[in-house]
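Below: input13.cif (mmCIF, C-alpha atoms)
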data_structure
loop_
_atom_site.label_atom_id
_atom_site.label_comp_id
_atom_site.auth_asym_id
_atom_site.auth_seq_id
_atom_site.Cartn_x
_atom_site.Cartn_y
_atom_site.Cartn_z
CA MET Y 12 0.00 0.00 0.00
CA PRO Y 13 2.74 2.53 0.74
CA ILE Y 14 4.22 1.57 -2.63
CA LEU Y 15 0.97 2.49 -4.32
CA ALA Y 16 0.85 5.76 -2.42
CA ALA Y 17 4.36 6.62 -3.49
CA PHE Y 18 3.61 5.67 -7.07
CA PHE Y 19 0.53 7.83 -7.28
CA GLY Y 20 2.14 10.65 -5.39
CA PHE Y 21 -0.79 11.07 -3.07
CA THR Y 22 -1.70 9.97 0.39
CA TYR Y 23 -4.74 7.78 0.53
CA GLU Y 24 -5.64 6.10 3.72
CA PHE Y 25 -6.64 2.56 2.83
CA ARG Y 26 -9.14 1.20 5.28
CA TRP Y 27 -10.18 -2.18 4.03
CA PRO Y 28 -12.08 -3.10 7.23
CA ILE Y 29 -14.88 -0.74 6.22
CA LEU Y 30 -15.95 -3.40 3.81
CA TRP Y 31 -17.15 -5.64 6.58
CA ALA Y 32 -18.04 -2.94 9.10
CA ALA Y 33 -21.61 -2.82 10.26
CA PRO Y 34 -24.16 -2.05 7.59
CA HIS Y 35 -21.91 -2.14 4.54
CA PRO Y 36 -21.96 -5.87 3.83
CA THR Y 37 -25.76 -5.77 4.14
CA TRP Y 38 -25.85 -3.10 1.49
CA LEU Y 39 -23.62 -5.10 -0.79
CA ILE Y 40 -25.67 -8.24 -0.28
CA ASP Y 41 -28.93 -6.36 -0.80
CA GLY Y 42 -27.39 -4.89 -3.89
CA ILE Y 43 -26.42 -8.32 -5.19
CA LEU Y 44 -29.91 -9.67 -4.49
CA THR Y 45 -31.56 -6.74 -6.24
CA THR Y 46 -29.21 -7.11 -9.19
CA LEU Y 47 -30.07 -10.79 -9.42
CA ARG Y 48 -33.81 -10.19 -9.09
CA LEU Y 49 -33.72 -7.47 -11.71
CA SER Y 50 -31.60 -9.59 -14.03
CA VAL Y 51 -33.72 -12.72 -13.76
CA LEU Y 52 -37.05 -10.95 -14.25
CA SER Y 53 -35.77 -8.88 -17.15
CA TRP Y 54 -34.09 -11.91 -18.67
CA VAL Y 55 -37.32 -13.90 -18.66
CA PHE Y 56 -39.25 -11.11 -20.35
CA ALA Y 57 -36.38 -10.40 -22.74
CA VAL Y 58 -36.15 -14.03 -23.84
CA ILE Y 59 -39.91 -14.23 -24.38
CA LEU Y 60 -39.90 -11.01 -26.40
CA GLY Y 61 -36.81 -12.14 -28.23
CA ILE Y 62 -38.30 -15.46 -29.28
CA ILE Y 63 -41.53 -13.83 -30.42
CA PHE Y 64 -39.96 -11.06 -32.41
CA GLY Y 65 -36.98 -13.04 -33.61
CA ALA Y 66 -39.28 -15.68 -35.03
CA LEU Y 67 -41.61 -13.04 -36.46
CA ARG Y 68 -38.73 -11.58 -38.42
CA THR Y 69 -38.40 -14.81 -40.35
CA VAL Y 70 -42.01 -15.79 -41.07
CA PRO Y 71 -43.25 -15.74 -44.67
CA TYR Y 72 -45.78 -12.97 -43.94
CA ARG Y 73 -44.58 -9.49 -44.84
CA PRO Y 74 -46.71 -7.43 -42.37
CA LEU Y 75 -45.60 -9.50 -39.37
CA ARG Y 76 -42.00 -9.23 -40.50
CA ALA Y 77 -42.33 -5.46 -40.85
CA VAL Y 78 -43.79 -5.06 -37.36
CA ALA Y 79 -41.03 -7.17 -35.86
CA THR Y 80 -38.33 -5.30 -37.78
CA VAL Y 81 -39.63 -1.96 -36.56
CA TYR Y 82 -39.60 -3.18 -32.96
CA VAL Y 83 -36.12 -4.66 -33.15
CA GLU Y 84 -34.47 -1.79 -35.00
CA PHE Y 85 -36.05 0.89 -32.87
CA PHE Y 86 -35.42 -0.62 -29.46
CA ARG Y 87 -31.98 -1.90 -30.30
CA ASN Y 88 -30.47 1.28 -31.66
CA VAL Y 89 -31.27 3.57 -28.77
CA PRO Y 90 -29.00 3.49 -25.71
CA LEU Y 91 -30.36 1.62 -22.71
CA LEU Y 92 -29.84 4.63 -20.44
CA VAL Y 93 -32.18 6.69 -22.60
CA TRP Y 94 -34.74 3.90 -22.40
CA LEU Y 95 -34.41 3.79 -18.62
CA PHE Y 96 -35.09 7.51 -18.38
CA PHE Y 97 -37.94 7.19 -20.85
CA TRP Y 98 -39.67 4.39 -18.95
CA TYR Y 99 -39.11 5.98 -15.54
CA PHE Y 100 -39.69 9.67 -16.26
CA GLY Y 101 -41.57 9.75 -19.50
CA ALA Y 102 -43.79 6.70 -19.87
CA PRO Y 103 -45.76 6.94 -16.61
CA GLU Y 104 -47.25 10.20 -17.80
CA VAL Y 105 -49.04 8.38 -20.56
CA PHE Y 106 -50.84 5.98 -18.26
CA PRO Y 107 -54.05 6.89 -16.45
CA GLU Y 108 -53.79 8.14 -12.90
CA PHE Y 109 -54.81 4.99 -11.06
CA VAL Y 110 -52.24 2.87 -12.96
CA ARG Y 111 -49.56 5.39 -12.11
CA GLN Y 112 -50.47 5.38 -8.41
CA TRP Y 113 -50.39 1.59 -8.29
CA PHE Y 114 -46.91 1.54 -9.77
CA ILE Y 115 -45.63 4.28 -7.50
CA ARG Y 116 -46.84 2.33 -4.52
CA HIS Y 117 -45.34 -0.90 -5.77
CA GLY Y 118 -41.79 0.08 -6.60
CA ILE Y 119 -41.98 1.94 -9.88
CA GLU Y 120 -38.21 2.14 -10.19
CA MET Y 121 -37.92 -1.62 -10.43
CA TRP Y 122 -40.79 -1.89 -12.91
CA SER Y 123 -39.41 0.87 -15.13
CA ALA Y 124 -36.01 -0.80 -15.07
CA ILE Y 125 -37.53 -4.19 -15.91
CA ALA Y 126 -39.52 -2.65 -18.76
CA ALA Y 127 -36.53 -0.79 -20.19
CA ILE Y 128 -34.12 -3.72 -19.90
CA SER Y 129 -36.66 -6.27 -21.17
CA PHE Y 130 -37.56 -4.29 -24.27
CA TYR Y 131 -33.95 -3.40 -25.07
CA HIS Y 132 -32.51 -6.86 -24.53
CA GLY Y 133 -35.62 -8.40 -26.05
CA ALA Y 134 -34.64 -6.65 -29.27
CA ARG Y 135 -31.07 -7.89 -28.97
CA PHE Y 136 -32.19 -11.45 -28.22
CA ALA Y 137 -34.50 -11.20 -31.21
CA GLU Y 138 -31.47 -10.63 -33.43
CA VAL Y 139 -29.63 -13.57 -31.91
CA ILE Y 140 -32.65 -15.83 -32.35
CA ARG Y 141 -33.22 -14.60 -35.86
CA ALA Y 142 -29.65 -15.52 -36.72
CA GLY Y 143 -30.22 -18.92 -35.17
CA ILE Y 144 -33.43 -19.53 -37.09
CA GLN Y 145 -31.86 -18.42 -40.34
CA SER Y 146 -29.04 -20.87 -39.90
CA ILE Y 147 -31.50 -23.77 -39.86
CA PRO Y 148 -31.96 -25.20 -43.33
CA LYS Y 149 -35.20 -24.10 -44.91
CA THR Y 150 -36.03 -27.73 -45.55
CA GLN Y 151 -37.08 -28.10 -41.91
CA LEU Y 152 -39.83 -25.54 -42.36
CA GLU Y 153 -40.92 -27.09 -45.63
CA ALA Y 154 -40.95 -30.58 -44.14
CA GLY Y 155 -43.06 -29.35 -41.26
CA ILE Y 156 -45.62 -27.79 -43.56
CA ALA Y 157 -45.60 -30.81 -45.84
CA SER Y 158 -46.41 -32.99 -42.85
CA GLY Y 159 -49.60 -31.01 -42.33
CA LEU Y 160 -48.55 -28.65 -39.54
CA SER Y 161 -49.47 -24.98 -39.83
CA VAL Y 162 -46.70 -22.41 -39.98
CA GLY Y 163 -47.28 -21.49 -36.35
CA GLN Y 164 -47.10 -25.09 -35.24
CA THR Y 165 -43.99 -25.75 -37.26
CA TYR Y 166 -42.30 -22.83 -35.61
CA ARG Y 167 -43.42 -23.77 -32.15
CA LEU Y 168 -42.60 -27.46 -32.32
CA ILE Y 169 -39.66 -27.69 -34.66
CA ILE Y 170 -37.86 -24.50 -35.61
CA ILE Y 171 -37.68 -22.72 -32.30
CA PRO Y 172 -36.42 -25.66 -30.23
CA ILE Y 173 -33.68 -26.30 -32.78
CA ALA Y 174 -32.78 -22.61 -32.91
CA LEU Y 175 -32.62 -22.35 -29.13
CA ARG Y 176 -30.07 -25.11 -28.97
CA LEU Y 177 -28.01 -23.54 -31.75
CA ILE Y 178 -27.76 -20.12 -30.21
CA VAL Y 179 -26.49 -21.07 -26.75
CA PRO Y 180 -23.08 -19.31 -27.13
CA PRO Y 181 -24.31 -15.91 -28.37
CA ALA Y 182 -27.31 -16.15 -26.05
CA THR Y 183 -24.97 -16.63 -23.10
CA ASN Y 184 -23.03 -13.58 -24.23
CA GLU Y 185 -26.23 -11.54 -24.43
CA SER Y 186 -27.32 -12.77 -20.99
CA LEU Y 187 -24.02 -11.60 -19.51
CA ASN Y 188 -24.56 -8.24 -21.21
CA LEU Y 189 -27.96 -8.06 -19.58
CA LEU Y 190 -26.46 -8.71 -16.16
CA LYS Y 191 -23.88 -6.00 -16.67
CA ASN Y 192 -26.49 -3.58 -17.97
CA THR Y 193 -28.55 -3.89 -14.80
CA SER Y 194 -25.91 -1.60 -13.30
CA LEU Y 195 -27.49 1.21 -15.31
CA ALA Y 196 -30.67 0.88 -13.27
CA MET Y 197 -28.91 2.68 -10.44
CA THR Y 198 -29.45 5.92 -12.33
CA ILE Y 199 -33.18 5.71 -11.75
CA GLY Y 200 -32.79 4.68 -8.17
CA VAL Y 201 -32.87 0.90 -8.21
CA ALA Y 202 -30.69 -0.13 -5.28
CA GLU Y 203 -28.66 -2.71 -7.13
CA LEU Y 204 -24.99 -3.58 -6.79
CA THR Y 205 -23.42 -0.50 -8.36
CA PHE Y 206 -25.76 1.69 -6.36
CA ALA Y 207 -24.75 -0.11 -3.16
CA THR Y 208 -21.10 0.36 -4.05
CA ARG Y 209 -21.64 4.07 -4.50
CA GLN Y 210 -23.57 4.19 -1.25
CA ILE Y 211 -20.59 2.79 0.62
CA GLU Y 212 -18.38 5.27 -1.14
CA THR Y 213 -20.49 8.27 -0.22
CA TYR Y 214 -20.86 7.15 3.38
CA THR Y 215 -17.21 6.39 4.00
CA ALA Y 216 -15.39 8.42 1.34
CA LYS Y 217 -13.28 5.32 0.77
CA ALA Y 218 -13.81 5.00 -2.93
CA ILE Y 219 -11.10 2.50 -3.76
CA GLU Y 220 -12.18 -0.14 -1.24
CA ALA Y 221 -15.82 0.22 -2.15
CA PHE Y 222 -15.29 -0.01 -5.88
CA THR Y 223 -12.86 -2.88 -5.54
CA ALA Y 224 -15.57 -4.83 -3.78
CA GLY Y 225 -18.11 -4.04 -6.47
CA THR Y 226 -15.70 -4.81 -9.29
CA LEU Y 227 -14.68 -8.15 -7.83
CA ILE Y 228 -18.30 -9.17 -7.32
CA TYR Y 229 -19.12 -8.39 -10.93
CA LEU Y 230 -16.09 -10.33 -12.13
CA VAL Y 231 -17.20 -13.33 -10.13
CA MET I 20 -52.73 14.82 -22.46
CA SER I 21 -51.52 16.10 -25.78
CA PHE I 22 -48.10 15.76 -27.32
CA ASP I 23 -46.17 18.97 -26.86
CA TRP I 24 -44.23 19.71 -30.06
CA ALA I 25 -43.25 23.20 -28.97
CA VAL I 26 -40.96 21.97 -26.24
CA ILE I 27 -39.12 19.84 -28.76
CA LEU I 28 -38.73 22.62 -31.30
CA GLY I 29 -37.77 25.18 -28.70
CA ASN I 30 -35.03 23.03 -27.24
CA ALA I 31 -33.82 21.25 -30.34
CA LYS I 32 -31.02 23.73 -30.88
CA PHE I 33 -29.62 23.21 -27.39
CA LEU I 34 -30.03 19.46 -27.54
CA LEU I 35 -28.42 19.04 -30.91
CA LEU I 36 -25.71 21.67 -30.76
CA GLN I 37 -24.62 21.24 -27.17
CA GLY I 38 -25.64 17.71 -26.49
CA LEU I 39 -24.89 16.00 -29.72
CA ILE I 40 -21.98 17.96 -31.15
CA GLY I 41 -20.57 19.77 -28.15
CA ILE I 42 -20.61 23.39 -29.14
CA GLY I 43 -21.66 25.59 -26.29
CA ALA I 44 -20.95 26.71 -22.78
CA TYR I 45 -20.83 23.30 -21.18
CA GLY I 46 -18.19 21.51 -23.24
CA GLY I 47 -19.04 17.86 -23.68
CA GLY I 48 -21.01 16.57 -26.55
CA THR I 49 -21.73 13.04 -27.68
CA LEU I 50 -19.85 13.23 -30.97
CA ARG I 51 -16.99 15.12 -29.38
CA LEU I 52 -16.61 12.16 -27.04
CA ALA I 53 -17.32 9.32 -29.42
CA ILE I 54 -15.02 10.18 -32.30
CA PRO I 55 -11.77 10.69 -30.35
CA ALA I 56 -12.70 7.70 -28.20
CA ILE I 57 -12.94 5.37 -31.18
CA LEU I 58 -9.71 6.68 -32.72
CA LEU I 59 -7.70 6.41 -29.53
CA GLY I 60 -9.43 3.15 -28.67
CA PHE I 61 -8.31 1.80 -32.02
CA CYS I 62 -4.68 2.61 -31.21
CA VAL I 63 -5.00 1.01 -27.79
CA GLY I 64 -6.76 -1.94 -29.39
CA ILE I 65 -3.97 -2.57 -31.87
CA VAL I 66 -1.41 -2.63 -29.06
CA LEU I 67 -3.62 -4.91 -26.98
CA GLY I 68 -4.46 -7.23 -29.84
CA LEU I 69 -0.82 -7.70 -30.74
CA ALA I 70 0.09 -8.10 -27.07
CA ARG I 71 -2.54 -10.77 -26.65
CA LEU I 72 -1.07 -12.70 -29.56
CA ALA I 73 2.47 -12.35 -28.29
CA SER I 74 4.34 -15.50 -27.44
CA ARG I 75 6.26 -13.94 -24.59
CA PRO I 76 4.29 -14.57 -21.39
CA TRP I 77 5.18 -11.28 -19.75
CA ILE I 78 3.45 -9.45 -22.60
CA HIS I 79 0.69 -11.97 -23.20
CA TYR I 80 -0.70 -12.45 -19.70
CA PRO I 81 -1.08 -8.79 -18.66
CA ALA I 82 -2.95 -8.19 -21.90
CA VAL I 83 -5.26 -11.13 -21.27
CA ILE I 84 -5.96 -10.01 -17.71
CA TYR I 85 -6.64 -6.45 -18.84
CA ILE I 86 -9.03 -7.57 -21.58
CA GLU I 87 -10.90 -10.05 -19.40
CA VAL I 88 -11.33 -7.56 -16.56
CA MET I 89 -12.64 -4.86 -18.87
CA ARG I 90 -15.04 -7.27 -20.49
CA GLY I 91 -16.29 -8.57 -17.17
CA ILE I 92 -17.36 -5.37 -15.48
CA PRO I 93 -20.00 -2.87 -16.53
CA LEU I 94 -18.88 0.33 -18.20
CA VAL I 95 -20.57 2.25 -15.38
CA MET I 96 -18.07 0.78 -12.94
CA VAL I 97 -15.12 1.78 -15.13
CA ILE I 98 -16.48 5.30 -15.44
CA PHE I 99 -16.83 5.56 -11.67
CA TRP I 100 -13.34 4.17 -11.08
CA PHE I 101 -11.87 6.88 -13.28
CA TRP I 102 -14.19 9.52 -11.89
CA PHE I 103 -12.74 8.92 -8.44
CA LEU I 104 -9.18 7.94 -9.25
CA VAL I 105 -8.10 10.44 -11.89
CA PRO I 106 -8.51 13.61 -9.81
CA VAL I 107 -6.80 11.92 -6.87
CA MET I 108 -3.90 10.80 -9.03
CA ILE I 109 -3.40 14.05 -10.84
CA GLY I 110 -4.07 16.10 -7.76
CA ARG I 111 -6.69 18.47 -9.04
CA ALA I 112 -10.23 18.44 -10.38
CA VAL I 113 -10.61 17.11 -13.90
CA PRO I 114 -13.46 18.09 -16.24
CA GLU I 115 -15.94 15.29 -16.84
CA TYR I 116 -15.14 15.17 -20.54
CA TRP I 117 -11.55 13.99 -19.95
CA VAL I 118 -12.57 11.48 -17.31
CA ALA I 119 -15.17 10.09 -19.67
CA LEU I 120 -12.75 10.02 -22.59
CA THR I 121 -10.12 8.17 -20.57
CA ALA I 122 -12.65 5.67 -19.28
CA PHE I 123 -14.02 5.04 -22.75
CA VAL I 124 -10.62 4.60 -24.37
CA ILE I 125 -9.53 2.15 -21.67
CA PHE I 126 -12.80 0.22 -21.78
CA GLU I 127 -13.43 0.11 -25.50
CA GLY I 128 -9.75 -0.53 -26.15
CA ALA I 129 -10.23 -3.98 -24.64
CA TYR I 130 -13.16 -4.81 -26.91
CA ILE I 131 -11.39 -3.41 -29.97
CA GLY I 132 -8.32 -5.42 -28.96
CA GLU I 133 -10.39 -8.57 -29.23
CA ILE I 134 -11.71 -7.54 -32.64
CA ILE I 135 -8.19 -6.84 -33.87
CA ARG I 136 -6.93 -10.14 -32.50
CA ALA I 137 -9.68 -11.93 -34.39
CA GLY I 138 -8.84 -9.92 -37.49
CA ILE I 139 -5.15 -10.77 -37.32
CA GLN I 140 -5.92 -14.42 -36.76
CA SER I 141 -8.17 -14.45 -39.79
CA VAL I 142 -5.28 -13.69 -42.10
CA PRO I 143 -4.02 -17.03 -43.48
CA LYS I 144 -0.93 -18.27 -41.71
CA GLY I 145 0.76 -18.74 -45.06
CA GLN I 146 1.22 -14.98 -45.25
CA ASN I 147 3.31 -15.08 -42.11
CA ASP I 148 5.43 -17.93 -43.42
CA ALA I 149 5.95 -16.30 -46.78
CA ALA I 150 7.00 -13.07 -45.13
CA THR I 151 9.49 -14.80 -42.88
CA ALA I 152 10.81 -16.77 -45.82
CA SER I 153 11.29 -13.53 -47.72
CA GLY I 154 13.41 -12.24 -44.87
CA LEU I 155 11.06 -9.67 -43.37
CA SER I 156 11.27 -8.88 -39.67
CA TYR I 157 8.28 -9.19 -37.31
CA VAL I 158 7.59 -5.46 -37.45
CA GLN I 159 7.82 -5.35 -41.23
CA THR I 160 5.55 -8.35 -41.55
CA MET I 161 2.94 -6.90 -39.26
CA TRP I 162 3.02 -3.40 -40.64
CA SER I 163 3.15 -4.12 -44.37
CA ILE I 164 1.40 -7.41 -44.81
CA ILE I 165 -0.69 -8.73 -41.93
CA LEU I 166 -2.26 -5.59 -40.52
CA PRO I 167 -3.52 -4.18 -43.82
CA GLN I 168 -5.30 -7.43 -44.60
CA ALA I 169 -6.52 -7.85 -41.03
CA ILE I 170 -7.97 -4.36 -40.90
CA ARG I 171 -9.92 -4.90 -44.09
CA ASN I 172 -11.38 -8.05 -42.60
CA MET I 173 -12.49 -6.37 -39.44
CA ILE I 174 -13.92 -3.09 -40.72
CA PRO I 175 -17.52 -4.36 -40.31
CA SER I 176 -16.84 -5.37 -36.69
CA LEU I 177 -15.11 -2.06 -36.04
CA VAL I 178 -18.08 -0.11 -37.36
CA THR I 179 -20.36 -2.21 -35.16
CA GLN I 180 -18.14 -1.44 -32.19
CA PHE I 181 -18.33 2.26 -33.03
CA ILE I 182 -22.11 2.01 -33.01
CA VAL I 183 -21.92 0.38 -29.58
CA LEU I 184 -19.53 3.08 -28.38
CA PHE I 185 -21.82 5.80 -29.70
CA LYS I 186 -24.69 4.37 -27.69
CA ASP I 187 -22.49 3.94 -24.63
CA THR I 188 -21.57 7.63 -24.63
CA SER I 189 -24.95 8.16 -23.02
CA LEU I 190 -23.41 6.74 -19.84
CA ALA I 191 -21.09 9.73 -19.61
CA SER I 192 -24.15 11.67 -18.52
CA ILE I 193 -24.00 9.84 -15.20
CA ILE I 194 -20.94 11.79 -14.13
CA GLY I 195 -22.41 14.97 -15.46
CA MET I 196 -20.90 15.32 -18.88
CA MET I 197 -23.24 17.33 -21.07
CA ASP I 198 -23.97 14.82 -23.78
CA LEU I 199 -27.27 14.31 -25.58
CA THR I 200 -28.81 12.38 -22.69
CA LYS I 201 -27.73 14.88 -20.06
CA ALA I 202 -28.96 17.72 -22.22
CA ALA I 203 -32.36 16.07 -22.41
CA GLN I 204 -32.30 15.55 -18.64
CA THR I 205 -31.46 19.20 -18.05
CA VAL I 206 -34.19 20.40 -20.36
CA SER I 207 -36.83 18.06 -18.99
CA GLU I 208 -36.02 19.15 -15.46
CA ARG I 209 -36.69 22.72 -16.50
CA ASP I 210 -39.62 22.27 -18.86
CA ILE I 211 -41.16 19.20 -17.20
CA ARG I 212 -41.97 17.34 -20.40
CA PRO I 213 -39.80 14.24 -20.08
CA PHE I 214 -41.88 12.08 -22.39
CA GLU I 215 -41.34 14.34 -25.40
CA MET I 216 -37.70 14.99 -24.52
CA TYR I 217 -36.60 11.40 -24.15
CA LEU I 218 -38.59 10.34 -27.17
CA PHE I 219 -36.87 13.06 -29.17
CA ILE I 220 -33.37 11.97 -28.20
CA ALA I 221 -34.38 8.35 -28.71
CA VAL I 222 -35.17 9.28 -32.30
CA VAL I 223 -31.92 11.22 -32.68
CA TYR I 224 -29.87 8.28 -31.39
CA TRP I 225 -31.85 5.99 -33.61
CA VAL I 226 -31.20 8.09 -36.72
CA PHE I 227 -27.48 7.99 -36.10
CA THR I 228 -27.10 4.35 -35.19
CA TYR I 229 -29.43 3.11 -37.89
CA SER I 230 -27.56 5.12 -40.52
CA MET I 231 -24.29 3.73 -39.24
CA SER I 232 -25.53 0.16 -39.39
CA ARG I 233 -26.80 0.69 -42.94
CA PHE I 234 -23.38 2.15 -43.77
CA SER I 235 -21.76 -0.93 -42.26
CA ARG I 236 -23.89 -3.21 -44.39
CA TRP I 237 -23.06 -1.17 -47.48
CA LEU I 238 -19.36 -1.44 -46.63
CA GLU I 239 -19.62 -5.19 -46.26
CA VAL I 240 -21.30 -5.54 -49.62
CA ARG I 241 -18.81 -3.26 -51.25
CA MET I 242 -15.85 -5.09 -49.82
CA SER I 243 -16.95 -8.65 -50.42
CA PRO I 244 -16.33 -8.95 -54.18
CA GLU I 245 -12.82 -7.70 -53.59
CA ARG I 246 -11.94 -9.99 -50.72
CA SER I 247 -9.37 -12.54 -51.68
CA THR I 248 -10.13 -14.95 -48.83
#

Here is the file; what I need is its structure written in the form of structure tokens.
Amino acid sequence: MPILAAFFGFTYEFRWPILWAAPHPTWLIDGILTTLRLSVLSWVFAVILGIIFGALRTVPYRPLRAVATVYVEFFRNVPLLVWLFFWYFGAPEVFPEFVRQWFIRHGIEMWSAIAAISFYHGARFAEVIRAGIQSIPKTQLEAGIASGLSVGQTYRLIIIPIALRLIVPPATNESLNLLKNTSLAMTIGVAELTFATRQIETYTAKAIEAFTAGTLIYLV
Amino acid sequence: MSFDWAVILGNAKFLLLQGLIGIGAYGGGTLRLAIPAILLGFCVGIVLGLARLASRPWIHYPAVIYIEVMRGIPLVMVIFWFWFLVPVMIGRAVPEYWVALTAFVIFEGAYIGEIIRAGIQSVPKGQNDAATASGLSYVQTMWSIILPQAIRNMIPSLVTQFIVLFKDTSLASIIGMMDLTKAAQTVSERDIRPFEMYLFIAVVYWVFTYSMSRFSRWLEVRMSPERST
């Protein structure tokens, strides 16, 4: 530690024990739990949206494809932070009063974050799933229809299960991105891990210890 | 509740000039951050990519650790690290723009390093052998033969990474840099019409990133008939 101080040319009093002093571990653990809850809920919605819209982008019907393309391209190309602000500050104004009050009473920050992350990552998952579906030979679809299944049934029973198995590597990558992106929810007040890290920092002014803890937890 | 166009028109000049480009009293600006970040990140990426491919362990392993750490933590964390460390290290307050630029170059450099590594590895090994057989040194081989081919291979990935970086500049607003997102925040705090404001900047971001991805697709098509591999 003195070596680091000499190297940086400043005096910084390292106090690692603050990490396990009274309420700080609770904050970190609460932060981890919130991060996990936010990630899992958003992931479920994102995967559902991704499968729906990813598949819709490949069906033989032009209007459905157009709708899906609009969704994917619009939600994918706008930064997630902007979406978070939109869903937290902007969107509630559009809903009627009683809906707004229900949300405010039931943790609107979390719901806005889930909405923003689900729609954004839903669009990204849709691209991954579309790539997966397009890598399946078209003969599968034709065989399904020739066997008497409707297009919807073919997709549900044949194409999508195959695609899901194909896309495990990029889907894992996208899931990790989702987990990392939950850190953005701190900007609208969701008390997840990065928020907890900052809380420790503001309470103790020991930035390096606090952020080391947060960084290591994310790496794990 | 009607859609208020006037608030968009009235504030568009501030949003676009100050937030997007960076001309104005606040310094900042999304493009002013993104373009130097990608250029410097490219330089860092080349160094990292070559270091990751190095055979000497004392070059290879630090590069691997650096890349894996940067890829494992959220960009928000990196921004906060620099936000707290840089003023302490330099000894005085640093404007948000420079903190953000440093954080972005360090962070994106890791991702670009991976792209460049993939690009270099996509050049057929025969080129390396032929160069060595012709008596060229490592530096000459890299500079004149491998890198030009590698860079052509990875231009689509680099453009994609620039699109990602452009979207990520919105995170600089968290430490207060006046980019497009922060400009919208500032305006909507004053005019209290967040729905219109955030929708407006969503459209602006969308216009830019969609154009860039169309450009990337055009580049790919234009380059493919000429690719020798």

Using only C-alpha atoms, find each residue of chain Y with at least one atom at most 8 Å away from an atom of chain I; report its shortest atom-to-atom pair and that distance in Å (one decimal), sort the rows by chain and rising residue number, and return the result as CSV.
residue,atom,partner,partner_atom,distance
Y:Phe19,CA,I:Met108,CA,5.6
Y:Gly20,CA,I:Met108,CA,7.1
Y:Phe21,CA,I:Met108,CA,6.7
Y:Glu84,CA,I:Tyr229,CA,7.6
Y:Phe85,CA,I:Trp225,CA,6.6
Y:Asn88,CA,I:Trp225,CA,5.3
Y:Val89,CA,I:Trp225,CA,5.4
Y:Pro90,CA,I:Lys186,CA,4.8
Y:Leu92,CA,I:Ser189,CA,6.6
Y:Val93,CA,I:Thr200,CA,6.6
Y:Trp94,CA,I:Ala221,CA,7.7
Y:Phe96,CA,I:Tyr217,CA,7.1
Y:Phe97,CA,I:Tyr217,CA,5.5
Y:Phe100,CA,I:Pro213,CA,6.0
Y:Gly101,CA,I:Phe214,CA,3.7
Y:Ala102,CA,I:Phe214,CA,6.2
Y:Glu104,CA,I:Phe214,CA,7.3
Y:Val105,CA,I:Met20,CA,7.7
Y:Lys191,CA,I:Pro93,CA,5.0
Y:Asn192,CA,I:Pro93,CA,6.7
Y:Ser194,CA,I:Pro93,CA,6.9
Y:Leu195,CA,I:Val95,CA,7.0
Y:Thr198,CA,I:Ile193,CA,7.3
Y:Thr205,CA,I:Met96,CA,7.2
Y:Ala218,CA,I:Phe103,CA,6.8
Y:Ile219,CA,I:Trp100,CA,7.8
Y:Phe222,CA,I:Trp100,CA,7.0
Y:Thr226,CA,I:Ile92,CA,6.4
Y:Tyr229,CA,I:Ile92,CA,5.7
Y:Leu230,CA,I:Gly91,CA,5.3

How close does range 156-195 of chain Y get to range 143-146 of chain Y? List, as a tab-separated table, each residue of range 156-195 of chain Y within 9 Å, its nearest atom pair and the distance in Å to one decimal, counting all atoms listed in the file.
residue	atom	partner	partner_atom	distance
Y:Ile170	CA	Y:Ile144	CA	6.8
Y:Ile171	CA	Y:Ile144	CA	7.2
Y:Ile173	CA	Y:Ile144	CA	8.0
Y:Ala174	CA	Y:Gly143	CA	5.0
Y:Leu175	CA	Y:Gly143	CA	7.3
Y:Arg176	CA	Y:Gly143	CA	8.8
Y:Leu177	CA	Y:Gly143	CA	6.2
Y:Ile178	CA	Y:Gly143	CA	5.7

How many Å lie between CA of Ile78 in chain I and CA of Gln159 in chain I, rounded to one decimal?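 Spanning CA of Ile78 in chain I to CA of Gln159 in chain I is a straight-line distance of 19.6 Å.
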
How would you write, as an NGL selection string, the residues chosen by the PyMOL selection byres ((chain I and resi 59-76) around 10) on this structure? :I and (54-58 or 77-86 or 120-121 or 123-140 or 161 or 166 or 177 or 181)

What is the distance between CA of Thr208 in chain Y and CA of Gly225 in chain Y, in Å to one decimal?
->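 Computing the Euclidean distance for CA of Thr208 in chain Y and CA of Gly225 in chain Y yields 5.8 Å.
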
### Residue members of the PyMOL selection byres ((chain Y and resi 60) around 9) in the file shown, as number ranges by chain
Y: 55-59, 61-65, 129-130, 132-134, 136-137

Two-atom distance - CA of Asn172 in chain I, CA of Pro143 in chain I (Å):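 Going from CA of Asn172 in chain I over to CA of Pro143 in chain I, I get 11.6 Å.
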
Taking all atoms listed in the file into account, name the residue in Y:Leu204, Y:Thr183, Y:Val110, Y:Thr213 that is nearest to Thr46 in chain Y.
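Closest candidate: Y:Leu204.
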
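You can rank I:Leu50, I:Met231, I:Ile164, I:Val206 by their closest distance to Phe33 in chain I using all atoms listed in the file, and at the top of that list sits I:Val206.
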
Grab all the atoms of range 116-124 of chain Y that the file lists, wrap them in a box along x, y and z, add 8 Å per side, and give me centre plus edge lengths in Å (one decimal) as AutoDock Vina command-line options.
--center_x -41.4 --center_y 0.2 --center_z -9.8 --size_x 26.8 --size_y 20.2 --size_z 26.6

Residues near Gln151 in chain Y, anyone? I mean within 10 Å using all atoms listed in the file, not counting same-chain ones fewer than 3 positions away, as a list in words.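 Listing them by chain and then by number gives Ile147, Pro148, Ala154, Gly155, Ile156, Ala157, Thr165, Tyr166, Ile169, Ile170 and Ile173 of chain Y.
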